[in-house]
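S.K.: Quick one, structure.txt (compact mmCIF, N, CA and C atoms):
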```
# COMPACT_ATOMS: atom_id res chain seq x y z
N MET A 5 -18.08 -2.95 -17.42
CA MET A 5 -19.17 -2.77 -18.34
C MET A 5 -20.25 -1.95 -17.66
N ALA A 6 -20.94 -1.18 -18.40
CA ALA A 6 -21.97 -0.30 -17.85
C ALA A 6 -23.22 -1.10 -17.50
N GLU A 7 -24.07 -0.48 -16.70
CA GLU A 7 -25.32 -1.12 -16.35
C GLU A 7 -26.16 -1.29 -17.61
N ASP A 8 -27.20 -2.12 -17.50
CA ASP A 8 -28.05 -2.40 -18.65
C ASP A 8 -29.15 -1.37 -18.84
N THR A 9 -29.25 -0.39 -17.95
CA THR A 9 -30.30 0.61 -18.08
C THR A 9 -29.83 1.74 -18.98
N ASN A 10 -30.71 2.20 -19.84
CA ASN A 10 -30.39 3.29 -20.74
C ASN A 10 -30.40 4.60 -19.97
N ILE A 11 -29.67 5.57 -20.47
CA ILE A 11 -29.60 6.90 -19.86
C ILE A 11 -30.55 7.79 -20.65
N THR A 12 -31.48 8.41 -19.94
CA THR A 12 -32.48 9.25 -20.58
C THR A 12 -32.02 10.70 -20.54
N LEU A 13 -32.00 11.33 -21.70
CA LEU A 13 -31.63 12.73 -21.79
C LEU A 13 -32.87 13.60 -21.61
N THR A 14 -32.68 14.74 -21.00
CA THR A 14 -33.79 15.68 -20.86
C THR A 14 -33.85 16.53 -22.11
N ALA A 15 -35.02 16.57 -22.72
CA ALA A 15 -35.20 17.31 -23.97
C ALA A 15 -35.74 18.70 -23.68
N ASP A 16 -35.37 19.66 -24.53
CA ASP A 16 -35.90 21.01 -24.40
C ASP A 16 -37.39 21.03 -24.69
N GLU A 17 -37.81 20.15 -25.56
CA GLU A 17 -39.22 20.08 -25.98
C GLU A 17 -39.74 18.70 -25.57
N PRO A 18 -40.26 18.55 -24.34
CA PRO A 18 -40.66 17.22 -23.85
C PRO A 18 -41.81 16.59 -24.64
N SER A 19 -42.55 17.38 -25.38
CA SER A 19 -43.67 16.82 -26.13
C SER A 19 -43.22 15.96 -27.31
N LEU A 20 -41.95 16.08 -27.68
CA LEU A 20 -41.45 15.30 -28.82
C LEU A 20 -41.15 13.85 -28.45
N GLY A 21 -40.96 13.54 -27.19
CA GLY A 21 -40.67 12.17 -26.76
C GLY A 21 -39.36 12.09 -26.00
N ASN A 22 -38.97 10.87 -25.68
CA ASN A 22 -37.77 10.63 -24.89
C ASN A 22 -36.56 10.36 -25.78
N ILE A 23 -35.41 10.68 -25.25
CA ILE A 23 -34.14 10.33 -25.89
C ILE A 23 -33.39 9.45 -24.90
N GLU A 24 -33.10 8.21 -25.32
CA GLU A 24 -32.37 7.28 -24.47
C GLU A 24 -31.09 6.85 -25.17
N ILE A 25 -30.03 6.77 -24.39
CA ILE A 25 -28.73 6.36 -24.92
C ILE A 25 -28.27 5.13 -24.14
N ALA A 26 -27.88 4.10 -24.85
CA ALA A 26 -27.35 2.89 -24.21
C ALA A 26 -25.99 3.21 -23.60
N PRO A 27 -25.70 2.66 -22.43
CA PRO A 27 -24.40 2.92 -21.78
C PRO A 27 -23.21 2.51 -22.66
N GLN A 28 -23.40 1.50 -23.50
CA GLN A 28 -22.30 1.06 -24.37
C GLN A 28 -21.91 2.16 -25.35
N VAL A 29 -22.88 2.98 -25.74
CA VAL A 29 -22.58 4.09 -26.66
C VAL A 29 -21.66 5.09 -25.96
N LEU A 30 -21.94 5.38 -24.70
CA LEU A 30 -21.10 6.32 -23.95
C LEU A 30 -19.69 5.74 -23.76
N GLU A 31 -19.61 4.44 -23.54
CA GLU A 31 -18.30 3.80 -23.39
C GLU A 31 -17.51 3.88 -24.70
N ILE A 32 -18.18 3.69 -25.81
CA ILE A 32 -17.51 3.78 -27.11
C ILE A 32 -17.02 5.20 -27.37
N ILE A 33 -17.85 6.19 -27.08
CA ILE A 33 -17.44 7.59 -27.27
C ILE A 33 -16.22 7.90 -26.41
N ALA A 34 -16.27 7.49 -25.13
CA ALA A 34 -15.14 7.75 -24.22
C ALA A 34 -13.89 7.00 -24.67
N GLY A 35 -14.06 5.76 -25.14
CA GLY A 35 -12.91 4.98 -25.59
C GLY A 35 -12.22 5.57 -26.80
N ILE A 36 -13.02 6.02 -27.77
CA ILE A 36 -12.44 6.64 -28.96
C ILE A 36 -11.77 7.96 -28.60
N ALA A 37 -12.41 8.74 -27.74
CA ALA A 37 -11.83 10.03 -27.33
C ALA A 37 -10.50 9.83 -26.61
N ALA A 38 -10.43 8.85 -25.71
CA ALA A 38 -9.19 8.60 -24.98
C ALA A 38 -8.10 8.06 -25.90
N ASN A 39 -8.48 7.20 -26.82
CA ASN A 39 -7.51 6.59 -27.73
C ASN A 39 -6.93 7.61 -28.72
N ASP A 40 -7.66 8.70 -28.97
CA ASP A 40 -7.19 9.74 -29.90
C ASP A 40 -6.17 10.68 -29.28
N VAL A 41 -5.96 10.62 -27.97
CA VAL A 41 -5.00 11.50 -27.31
C VAL A 41 -3.58 11.04 -27.63
N ASP A 42 -2.72 11.98 -28.00
CA ASP A 42 -1.32 11.65 -28.27
C ASP A 42 -0.67 11.12 -27.01
N GLY A 43 0.03 10.01 -27.14
CA GLY A 43 0.71 9.41 -26.00
C GLY A 43 0.02 8.14 -25.51
N VAL A 44 -1.22 7.91 -25.95
CA VAL A 44 -1.93 6.69 -25.58
C VAL A 44 -1.55 5.60 -26.57
N ALA A 45 -0.95 4.52 -26.05
CA ALA A 45 -0.55 3.41 -26.91
C ALA A 45 -1.75 2.54 -27.23
N ARG A 46 -2.52 2.20 -26.21
CA ARG A 46 -3.72 1.38 -26.40
C ARG A 46 -4.54 1.40 -25.13
N MET A 47 -5.74 0.89 -25.25
CA MET A 47 -6.65 0.78 -24.12
C MET A 47 -6.54 -0.62 -23.55
N ARG A 48 -6.87 -0.74 -22.25
CA ARG A 48 -6.85 -2.07 -21.65
C ARG A 48 -8.03 -2.86 -22.18
N GLY A 49 -7.78 -4.11 -22.47
CA GLY A 49 -8.84 -4.98 -22.96
C GLY A 49 -8.79 -6.31 -22.25
N SER A 50 -9.79 -7.11 -22.51
CA SER A 50 -9.84 -8.45 -21.93
C SER A 50 -9.43 -9.47 -22.98
N LEU A 51 -9.40 -10.72 -22.59
CA LEU A 51 -9.08 -11.80 -23.53
C LEU A 51 -10.14 -11.86 -24.63
N ALA A 52 -11.39 -11.63 -24.25
CA ALA A 52 -12.46 -11.65 -25.25
C ALA A 52 -12.27 -10.55 -26.28
N ASN A 53 -11.81 -9.36 -25.84
CA ASN A 53 -11.54 -8.28 -26.77
C ASN A 53 -10.44 -8.67 -27.74
N SER A 54 -9.40 -9.32 -27.24
CA SER A 54 -8.28 -9.73 -28.09
C SER A 54 -8.73 -10.76 -29.13
N VAL A 55 -9.57 -11.69 -28.71
CA VAL A 55 -10.06 -12.71 -29.65
C VAL A 55 -10.93 -12.06 -30.72
N ASN A 56 -11.79 -11.13 -30.30
CA ASN A 56 -12.64 -10.42 -31.27
C ASN A 56 -11.81 -9.65 -32.29
N GLU A 57 -10.72 -9.03 -31.83
CA GLU A 57 -9.87 -8.26 -32.74
C GLU A 57 -9.14 -9.18 -33.72
N LEU A 58 -8.84 -10.41 -33.31
CA LEU A 58 -8.22 -11.36 -34.23
C LEU A 58 -9.14 -11.67 -35.40
N PHE A 59 -10.43 -11.66 -35.15
CA PHE A 59 -11.41 -11.93 -36.20
C PHE A 59 -11.88 -10.67 -36.90
N GLY A 60 -11.20 -9.56 -36.64
CA GLY A 60 -11.48 -8.34 -37.37
C GLY A 60 -12.54 -7.44 -36.76
N ARG A 61 -13.03 -7.79 -35.59
CA ARG A 61 -14.05 -6.96 -34.95
C ARG A 61 -13.38 -6.08 -33.91
N LYS A 62 -13.33 -4.79 -34.20
CA LYS A 62 -12.67 -3.83 -33.32
C LYS A 62 -13.61 -3.48 -32.17
N GLU A 63 -13.15 -3.61 -30.96
CA GLU A 63 -13.95 -3.32 -29.77
C GLU A 63 -13.59 -1.91 -29.31
N ARG A 64 -14.46 -0.95 -29.60
CA ARG A 64 -14.17 0.46 -29.32
C ARG A 64 -14.37 0.85 -27.87
N GLY A 65 -15.19 0.14 -27.12
CA GLY A 65 -15.49 0.52 -25.75
C GLY A 65 -14.57 -0.11 -24.73
N LYS A 66 -13.54 -0.80 -25.19
CA LYS A 66 -12.68 -1.48 -24.23
C LYS A 66 -11.85 -0.48 -23.44
N GLY A 67 -11.58 -0.82 -22.20
CA GLY A 67 -10.79 0.05 -21.35
C GLY A 67 -11.58 1.17 -20.72
N VAL A 68 -12.90 1.12 -20.81
CA VAL A 68 -13.75 2.17 -20.25
C VAL A 68 -14.81 1.53 -19.37
N LYS A 69 -14.98 2.07 -18.17
CA LYS A 69 -16.03 1.61 -17.27
C LYS A 69 -16.88 2.81 -16.91
N LEU A 70 -18.18 2.66 -17.07
CA LEU A 70 -19.13 3.73 -16.83
C LEU A 70 -19.91 3.41 -15.56
N SER A 71 -20.05 4.41 -14.67
CA SER A 71 -20.81 4.24 -13.44
C SER A 71 -21.83 5.35 -13.32
N LEU A 72 -23.06 4.98 -13.03
CA LEU A 72 -24.13 5.94 -12.86
C LEU A 72 -24.83 5.67 -11.54
N SER A 73 -24.86 6.67 -10.66
CA SER A 73 -25.58 6.54 -9.40
C SER A 73 -26.07 7.92 -8.97
N ASP A 74 -27.36 8.01 -8.70
CA ASP A 74 -27.97 9.26 -8.25
C ASP A 74 -27.66 10.42 -9.19
N ASP A 75 -27.87 10.25 -10.46
CA ASP A 75 -27.59 11.28 -11.48
C ASP A 75 -26.14 11.74 -11.45
N ASP A 76 -25.26 10.86 -11.01
CA ASP A 76 -23.83 11.15 -10.92
C ASP A 76 -23.13 10.22 -11.89
N LEU A 77 -22.64 10.75 -13.01
CA LEU A 77 -22.04 9.94 -14.06
C LEU A 77 -20.51 10.02 -13.95
N ARG A 78 -19.90 8.83 -13.79
CA ARG A 78 -18.45 8.74 -13.66
C ARG A 78 -17.91 7.79 -14.73
N VAL A 79 -16.74 8.12 -15.24
CA VAL A 79 -16.08 7.28 -16.24
C VAL A 79 -14.69 6.94 -15.73
N ASP A 80 -14.35 5.65 -15.79
CA ASP A 80 -13.00 5.18 -15.49
C ASP A 80 -12.38 4.72 -16.80
N VAL A 81 -11.20 5.25 -17.10
CA VAL A 81 -10.50 4.93 -18.35
C VAL A 81 -9.20 4.23 -17.99
N TYR A 82 -8.98 3.06 -18.58
CA TYR A 82 -7.79 2.26 -18.31
C TYR A 82 -6.93 2.24 -19.57
N VAL A 83 -5.70 2.81 -19.47
CA VAL A 83 -4.87 2.98 -20.66
C VAL A 83 -3.45 2.49 -20.44
N TYR A 84 -2.80 2.20 -21.55
CA TYR A 84 -1.35 1.98 -21.62
C TYR A 84 -0.79 3.15 -22.41
N LEU A 85 0.27 3.74 -21.89
CA LEU A 85 0.86 4.92 -22.53
C LEU A 85 2.14 4.56 -23.26
N ASP A 86 2.51 5.40 -24.22
CA ASP A 86 3.78 5.26 -24.92
C ASP A 86 4.91 5.61 -23.97
N TYR A 87 6.02 4.93 -24.11
CA TYR A 87 7.19 5.22 -23.30
C TYR A 87 7.72 6.62 -23.65
N GLY A 88 8.07 7.39 -22.64
CA GLY A 88 8.69 8.69 -22.85
C GLY A 88 7.74 9.87 -22.78
N VAL A 89 6.45 9.63 -22.65
CA VAL A 89 5.50 10.74 -22.57
C VAL A 89 5.36 11.18 -21.11
N SER A 90 4.90 12.40 -20.92
CA SER A 90 4.63 12.91 -19.58
C SER A 90 3.29 12.33 -19.12
N VAL A 91 3.33 11.46 -18.13
CA VAL A 91 2.12 10.77 -17.67
C VAL A 91 1.06 11.76 -17.18
N PRO A 92 1.40 12.76 -16.34
CA PRO A 92 0.36 13.69 -15.89
C PRO A 92 -0.26 14.50 -17.04
N LYS A 93 0.55 14.92 -18.00
CA LYS A 93 0.02 15.69 -19.13
C LYS A 93 -0.93 14.86 -19.98
N VAL A 94 -0.55 13.62 -20.26
CA VAL A 94 -1.40 12.75 -21.07
C VAL A 94 -2.69 12.42 -20.31
N ALA A 95 -2.58 12.15 -19.01
CA ALA A 95 -3.77 11.83 -18.21
C ALA A 95 -4.73 13.02 -18.17
N LEU A 96 -4.21 14.23 -18.02
CA LEU A 96 -5.07 15.42 -18.04
C LEU A 96 -5.71 15.61 -19.41
N ALA A 97 -4.96 15.35 -20.46
CA ALA A 97 -5.50 15.46 -21.81
C ALA A 97 -6.62 14.44 -22.04
N ILE A 98 -6.46 13.23 -21.50
CA ILE A 98 -7.50 12.21 -21.60
C ILE A 98 -8.76 12.67 -20.87
N GLN A 99 -8.58 13.20 -19.67
CA GLN A 99 -9.73 13.68 -18.91
C GLN A 99 -10.49 14.76 -19.67
N GLU A 100 -9.77 15.72 -20.21
CA GLU A 100 -10.40 16.81 -20.95
C GLU A 100 -11.09 16.32 -22.22
N GLN A 101 -10.41 15.45 -22.95
CA GLN A 101 -10.95 14.95 -24.21
C GLN A 101 -12.22 14.14 -23.99
N VAL A 102 -12.21 13.25 -23.00
CA VAL A 102 -13.38 12.42 -22.72
C VAL A 102 -14.54 13.29 -22.26
N LYS A 103 -14.26 14.21 -21.35
CA LYS A 103 -15.31 15.10 -20.83
C LYS A 103 -15.91 15.94 -21.96
N GLN A 104 -15.04 16.49 -22.80
CA GLN A 104 -15.48 17.36 -23.89
C GLN A 104 -16.30 16.59 -24.93
N GLN A 105 -15.85 15.41 -25.32
CA GLN A 105 -16.56 14.65 -26.35
C GLN A 105 -17.93 14.16 -25.86
N LEU A 106 -17.99 13.71 -24.61
CA LEU A 106 -19.28 13.27 -24.09
C LEU A 106 -20.25 14.44 -23.95
N LEU A 107 -19.75 15.60 -23.56
CA LEU A 107 -20.60 16.77 -23.46
C LEU A 107 -21.07 17.20 -24.84
N PHE A 108 -20.18 17.22 -25.81
CA PHE A 108 -20.50 17.65 -27.17
C PHE A 108 -21.50 16.69 -27.84
N MET A 109 -21.27 15.39 -27.67
CA MET A 109 -22.07 14.42 -28.41
C MET A 109 -23.37 14.02 -27.71
N THR A 110 -23.43 14.16 -26.37
CA THR A 110 -24.62 13.70 -25.66
C THR A 110 -25.23 14.75 -24.74
N ASP A 111 -24.54 15.86 -24.53
CA ASP A 111 -24.98 16.91 -23.61
C ASP A 111 -25.04 16.42 -22.16
N LEU A 112 -24.23 15.39 -21.85
CA LEU A 112 -24.14 14.88 -20.49
C LEU A 112 -22.90 15.44 -19.80
N HIS A 113 -23.07 15.83 -18.54
CA HIS A 113 -21.96 16.35 -17.75
C HIS A 113 -21.43 15.22 -16.86
N LEU A 114 -20.12 15.01 -16.91
CA LEU A 114 -19.49 13.98 -16.09
C LEU A 114 -19.07 14.57 -14.75
N SER A 115 -19.28 13.82 -13.69
CA SER A 115 -18.81 14.28 -12.40
C SER A 115 -17.32 13.95 -12.22
N GLU A 116 -16.89 12.83 -12.82
CA GLU A 116 -15.49 12.41 -12.71
C GLU A 116 -15.05 11.69 -13.97
N VAL A 117 -13.80 11.92 -14.33
CA VAL A 117 -13.13 11.10 -15.34
C VAL A 117 -11.84 10.63 -14.68
N ASN A 118 -11.82 9.37 -14.29
CA ASN A 118 -10.67 8.79 -13.61
C ASN A 118 -9.81 8.05 -14.62
N VAL A 119 -8.54 8.41 -14.68
CA VAL A 119 -7.61 7.78 -15.63
C VAL A 119 -6.71 6.83 -14.84
N HIS A 120 -6.70 5.58 -15.26
CA HIS A 120 -5.87 4.55 -14.64
C HIS A 120 -4.80 4.14 -15.66
N VAL A 121 -3.56 4.48 -15.37
CA VAL A 121 -2.46 4.10 -16.27
C VAL A 121 -2.04 2.69 -15.88
N GLU A 122 -2.31 1.74 -16.76
CA GLU A 122 -2.05 0.33 -16.51
C GLU A 122 -0.60 -0.07 -16.81
N GLY A 123 0.06 0.71 -17.67
CA GLY A 123 1.43 0.37 -18.02
C GLY A 123 1.98 1.31 -19.07
N VAL A 124 3.23 1.08 -19.39
CA VAL A 124 3.92 1.87 -20.41
C VAL A 124 4.44 0.91 -21.46
N ILE A 125 4.22 1.24 -22.72
CA ILE A 125 4.63 0.39 -23.83
C ILE A 125 5.89 0.99 -24.46
N PRO A 126 7.00 0.25 -24.44
CA PRO A 126 8.23 0.78 -25.07
C PRO A 126 8.10 0.80 -26.58
N GLU A 127 8.93 1.62 -27.21
CA GLU A 127 8.95 1.68 -28.67
C GLU A 127 9.45 0.35 -29.21
N LYS A 128 8.88 -0.05 -30.33
CA LYS A 128 9.34 -1.28 -30.96
C LYS A 128 10.66 -1.01 -31.66
N THR A 129 11.62 -1.86 -31.41
CA THR A 129 12.90 -1.73 -32.10
C THR A 129 12.97 -2.83 -33.15
N THR A 130 13.40 -2.44 -34.31
CA THR A 130 13.52 -3.41 -35.39
C THR A 130 14.97 -3.82 -35.51
N GLN A 131 15.18 -5.11 -35.53
CA GLN A 131 16.53 -5.62 -35.68
C GLN A 131 16.70 -6.04 -37.14
N ALA A 132 17.79 -5.56 -37.70
CA ALA A 132 18.06 -5.91 -39.09
C ALA A 132 18.54 -7.35 -39.16
N VAL A 133 17.89 -8.13 -39.98
CA VAL A 133 18.26 -9.53 -40.17
C VAL A 133 18.83 -9.67 -41.56
N ASP A 134 20.03 -10.23 -41.61
CA ASP A 134 20.68 -10.46 -42.89
C ASP A 134 20.16 -11.79 -43.43
N PRO A 135 19.39 -11.77 -44.53
CA PRO A 135 18.83 -13.02 -45.06
C PRO A 135 19.90 -14.00 -45.54
N ASN A 136 21.10 -13.51 -45.81
CA ASN A 136 22.18 -14.40 -46.28
C ASN A 136 22.87 -15.11 -45.12
N ASN A 137 22.75 -14.57 -43.90
CA ASN A 137 23.41 -15.16 -42.74
C ASN A 137 22.42 -15.34 -41.60
N LEU A 138 21.39 -16.13 -41.84
CA LEU A 138 20.38 -16.35 -40.80
C LEU A 138 20.92 -17.11 -39.61
N PHE A 139 21.86 -18.02 -39.85
CA PHE A 139 22.36 -18.87 -38.78
C PHE A 139 23.80 -18.56 -38.43
N ASP A 140 24.26 -17.38 -38.76
CA ASP A 140 25.63 -16.99 -38.47
C ASP A 140 25.79 -16.81 -36.98
N ASP A 141 26.76 -17.47 -36.39
CA ASP A 141 27.02 -17.38 -34.96
C ASP A 141 28.37 -16.72 -34.76
N ASP A 142 28.42 -15.74 -33.88
CA ASP A 142 29.66 -15.00 -33.65
C ASP A 142 30.72 -15.85 -32.96
N ASP A 143 30.32 -16.97 -32.34
CA ASP A 143 31.28 -17.80 -31.61
C ASP A 143 32.09 -18.70 -32.55
N GLU A 144 31.74 -18.78 -33.79
CA GLU A 144 32.46 -19.63 -34.72
C GLU A 144 33.43 -18.80 -35.55
N SER A 145 34.56 -19.37 -35.84
CA SER A 145 35.51 -18.67 -36.71
C SER A 145 35.12 -18.91 -38.15
N GLU A 146 35.87 -18.31 -39.08
CA GLU A 146 35.52 -18.40 -40.47
C GLU A 146 35.68 -19.79 -41.02
N ASP A 147 36.52 -20.64 -40.46
CA ASP A 147 36.70 -21.98 -40.99
C ASP A 147 35.77 -23.00 -40.32
N GLY A 148 34.82 -22.53 -39.49
CA GLY A 148 33.81 -23.41 -38.92
C GLY A 148 34.18 -23.98 -37.58
N GLU A 149 35.36 -23.67 -37.06
CA GLU A 149 35.75 -24.19 -35.76
C GLU A 149 35.34 -23.22 -34.66
N ASN A 150 35.04 -23.76 -33.49
CA ASN A 150 34.70 -22.91 -32.35
C ASN A 150 35.95 -22.28 -31.80
N LYS A 151 35.79 -21.08 -31.28
CA LYS A 151 36.94 -20.37 -30.70
C LYS A 151 37.21 -20.85 -29.32
```
Please render this file's structure as structure tokens.

M.R.:
Amino acid sequence: MAEDTNITLTADEPSLGNIEIAPQVLEIIAGIAANDVDGVARMRGSLANSVNELFGRKERGKGVKLSLSDDDLRVDVYVYLDYGVSVPKVALAIQEQVKQQLLFMTDLHLSEVNVHVEGVIPEKTTQAVDPNNLFDDDDESEDGENK
């Protein structure tokens, strides 16, 4: 989770006032950008995120850690990828997408976008279930006796 201090943007016209962005907003932007990359199955989340999603509250900033030190902004993205994708290509695409979206939406330059691949999610296979033979066992013969 990001620090509790807001990030102040430098305005072209300082007489208009300050612009501050909460770190959670940057995490949400980075999370959505990373999740939109083809090949990303899902973002890493915590148990609290899973419970919130059960109740219908989508946690957009999950899987993103923001670090700010000495005007040096770094983002760590934790993802699970789809099975069969090129890990380096997807990781590079995540880096570019996160960097581009944060620059476009906030005018902030990132010093680093670190991608942590937490795992690979295989494709779901659907098994056809015959509703007429739910308890059919291959070890039994047609007359009900075991082979």

S.K.: When distances are computed from all atoms listed in the file, which of A:Ala45, A:Glu31, A:Lys66, A:Ser71 shows the smallest separation from Tyr87 of chain A?

M.R.: A:Ala45

S.K.: DSSP says strand (DSSP E or B) for which residues of segment 15-132 of chain A? Put them as a ChimeraX atom specification?

M.R.: /A:23-25,44-47,68-73,76-86,116-125

S.K.: Please report, as a ChimeraX atom specification, each residue of segment 25-119 of chain A to which DSSP assigns alpha helix (DSSP H) when run on this structure's backbone.

M.R.: /A:27-39,51-58,91-110

S.K.: Closest to His113 of chain A among A:Ala95, A:Leu77, A:Leu85, A:Val29, using all atoms listed in the file?

M.R.: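 For His113 of chain A, the nearest of the candidates is A:Leu77.
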
S.K.: When you draw a straight line from atom N of His120 of chain A to atom C of Val44 of chain A, how long is it in Å?

M.R.: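 Interatomic distance, atom N of His120 of chain A to atom C of Val44 of chain A: 12.4 Å.
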
S.K.: One decimal, in Å: what's the spacing between atom CA of Val117 of chain A and atom CA of Ala26 of chain A?

M.R.: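 Atom CA of Val117 of chain A sits 18.7 Å away from atom CA of Ala26 of chain A.
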
S.K.: Rounded to one decimal place, report the atom CA of Leu112 of chain A-atom C of Ser90 of chain A distance in Å.

M.R.: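 Separation of atom CA of Leu112 of chain A and atom C of Ser90 of chain A: 27.6 Å.
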
S.K.: Out of A:Ile23, A:Val119, A:Leu70, A:Leu114, which residue has the shortest atom-to-atom distance to Val91 of chain A when counting only C-alpha atoms?

M.R.: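 Closest to Val91 of chain A of all the choices is A:Val119.
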
S.K.: So which one's closest to Asn10 of chain A, A:Asn39, A:Gln28, A:Gln99, A:Gln104? Using only N, CA and C atoms, please.

M.R.: A:Gln28

S.K.: For a quick check of understanding, using only C-alpha atoms, which of A:Ile11, A:Val41, A:Ile33, A:Ile25 has the smallest distance to Lys93 of chain A?

M.R.: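 Ranking A:Ile11, A:Val41, A:Ile33, A:Ile25 by distance to Lys93 of chain A, first place goes to A:Val41.
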
S.K.: I'd like the neighbourhood of Gly123 of chain A as a tab-separated table (two decimals) with N, CA and C atoms, in the frame of the given file, where a residue qualifies if any of its atoms comes within 7 Å (using all atoms listed in the file), though same-chain residues fewer than 2 positions away should be ignored.

M.R.:
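Once everything was written out, this is selection_13.tsv:
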```
chain	number	residue	atom	x	y	z
A	83	VAL	N	-5.70	2.81	-19.47
A	83	VAL	CA	-4.87	2.98	-20.66
A	83	VAL	C	-3.45	2.49	-20.44
A	84	TYR	N	-2.80	2.20	-21.55
A	84	TYR	CA	-1.35	1.98	-21.62
A	84	TYR	C	-0.79	3.15	-22.41
A	85	LEU	N	0.27	3.74	-21.89
A	85	LEU	CA	0.86	4.92	-22.53
A	85	LEU	C	2.14	4.56	-23.26
A	86	ASP	N	2.51	5.40	-24.22
A	86	ASP	CA	3.78	5.26	-24.92
A	86	ASP	C	4.91	5.61	-23.97
A	120	HIS	N	-6.70	5.58	-15.26
A	120	HIS	CA	-5.87	4.55	-14.64
A	120	HIS	C	-4.80	4.14	-15.66
A	121	VAL	N	-3.56	4.48	-15.37
A	121	VAL	CA	-2.46	4.10	-16.27
A	121	VAL	C	-2.04	2.69	-15.88
A	125	ILE	N	4.22	1.24	-22.72
A	125	ILE	CA	4.63	0.39	-23.83
A	125	ILE	C	5.89	0.99	-24.46
```

S.K.: Could you check which of A:Asn22, A:Asn136, A:Gln105, A:Ser115 is closest to Asp75 of chain A, using only C-alpha atoms?

M.R.: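 Nearest candidate to Asp75 of chain A out of A:Asn22, A:Asn136, A:Gln105, A:Ser115: A:Ser115.
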
S.K.: Please, can segment 20-32 of chain A be completed to N, CA, C and O atoms and returned as a PDB file, in the coordinates of the input?

M.R.:
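File written: rebuild.pdb
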```pdb
ATOM      1  N   LEU A  20     -41.950  16.080 -27.680  1.00  0.00           N
ATOM      2  CA  LEU A  20     -41.450  15.300 -28.820  1.00  0.00           C
ATOM      3  C   LEU A  20     -41.150  13.850 -28.450  1.00  0.00           C
ATOM      4  O   LEU A  20     -41.045  13.012 -29.335  1.00  0.00           O
ATOM      5  N   GLY A  21     -40.960  13.540 -27.190  1.00  0.00           N
ATOM      6  CA  GLY A  21     -40.670  12.170 -26.760  1.00  0.00           C
ATOM      7  C   GLY A  21     -39.360  12.090 -26.000  1.00  0.00           C
ATOM      8  O   GLY A  21     -38.713  13.099 -25.713  1.00  0.00           O
ATOM      9  N   ASN A  22     -38.970  10.870 -25.680  1.00  0.00           N
ATOM     10  CA  ASN A  22     -37.770  10.630 -24.890  1.00  0.00           C
ATOM     11  C   ASN A  22     -36.560  10.360 -25.780  1.00  0.00           C
ATOM     12  O   ASN A  22     -36.697   9.843 -26.893  1.00  0.00           O
ATOM     13  N   ILE A  23     -35.410  10.680 -25.250  1.00  0.00           N
ATOM     14  CA  ILE A  23     -34.140  10.330 -25.890  1.00  0.00           C
ATOM     15  C   ILE A  23     -33.390   9.450 -24.900  1.00  0.00           C
ATOM     16  O   ILE A  23     -33.086   9.875 -23.790  1.00  0.00           O
ATOM     17  N   GLU A  24     -33.100   8.210 -25.320  1.00  0.00           N
ATOM     18  CA  GLU A  24     -32.370   7.280 -24.470  1.00  0.00           C
ATOM     19  C   GLU A  24     -31.090   6.850 -25.170  1.00  0.00           C
ATOM     20  O   GLU A  24     -31.084   6.600 -26.368  1.00  0.00           O
ATOM     21  N   ILE A  25     -30.030   6.770 -24.390  1.00  0.00           N
ATOM     22  CA  ILE A  25     -28.730   6.360 -24.920  1.00  0.00           C
ATOM     23  C   ILE A  25     -28.270   5.130 -24.140  1.00  0.00           C
ATOM     24  O   ILE A  25     -28.269   5.139 -22.901  1.00  0.00           O
ATOM     25  N   ALA A  26     -27.880   4.100 -24.850  1.00  0.00           N
ATOM     26  CA  ALA A  26     -27.350   2.890 -24.210  1.00  0.00           C
ATOM     27  C   ALA A  26     -25.990   3.210 -23.600  1.00  0.00           C
ATOM     28  O   ALA A  26     -25.186   3.949 -24.193  1.00  0.00           O
ATOM     29  N   PRO A  27     -25.700   2.660 -22.430  1.00  0.00           N
ATOM     30  CA  PRO A  27     -24.400   2.920 -21.780  1.00  0.00           C
ATOM     31  C   PRO A  27     -23.210   2.510 -22.660  1.00  0.00           C
ATOM     32  O   PRO A  27     -22.158   3.136 -22.595  1.00  0.00           O
ATOM     33  N   GLN A  28     -23.400   1.500 -23.500  1.00  0.00           N
ATOM     34  CA  GLN A  28     -22.300   1.060 -24.370  1.00  0.00           C
ATOM     35  C   GLN A  28     -21.910   2.160 -25.350  1.00  0.00           C
ATOM     36  O   GLN A  28     -20.746   2.278 -25.725  1.00  0.00           O
ATOM     37  N   VAL A  29     -22.880   2.980 -25.740  1.00  0.00           N
ATOM     38  CA  VAL A  29     -22.580   4.090 -26.660  1.00  0.00           C
ATOM     39  C   VAL A  29     -21.660   5.090 -25.960  1.00  0.00           C
ATOM     40  O   VAL A  29     -20.697   5.586 -26.559  1.00  0.00           O
ATOM     41  N   LEU A  30     -21.940   5.380 -24.700  1.00  0.00           N
ATOM     42  CA  LEU A  30     -21.100   6.320 -23.950  1.00  0.00           C
ATOM     43  C   LEU A  30     -19.690   5.740 -23.760  1.00  0.00           C
ATOM     44  O   LEU A  30     -18.701   6.472 -23.829  1.00  0.00           O
ATOM     45  N   GLU A  31     -19.610   4.440 -23.540  1.00  0.00           N
ATOM     46  CA  GLU A  31     -18.300   3.800 -23.390  1.00  0.00           C
ATOM     47  C   GLU A  31     -17.510   3.880 -24.700  1.00  0.00           C
ATOM     48  O   GLU A  31     -16.303   4.117 -24.688  1.00  0.00           O
ATOM     49  N   ILE A  32     -18.180   3.690 -25.810  1.00  0.00           N
ATOM     50  CA  ILE A  32     -17.510   3.780 -27.110  1.00  0.00           C
ATOM     51  C   ILE A  32     -17.020   5.200 -27.370  1.00  0.00           C
ATOM     52  O   ILE A  32     -15.876   5.395 -27.800  1.00  0.00           O
TER      53      ILE A  32
END
```
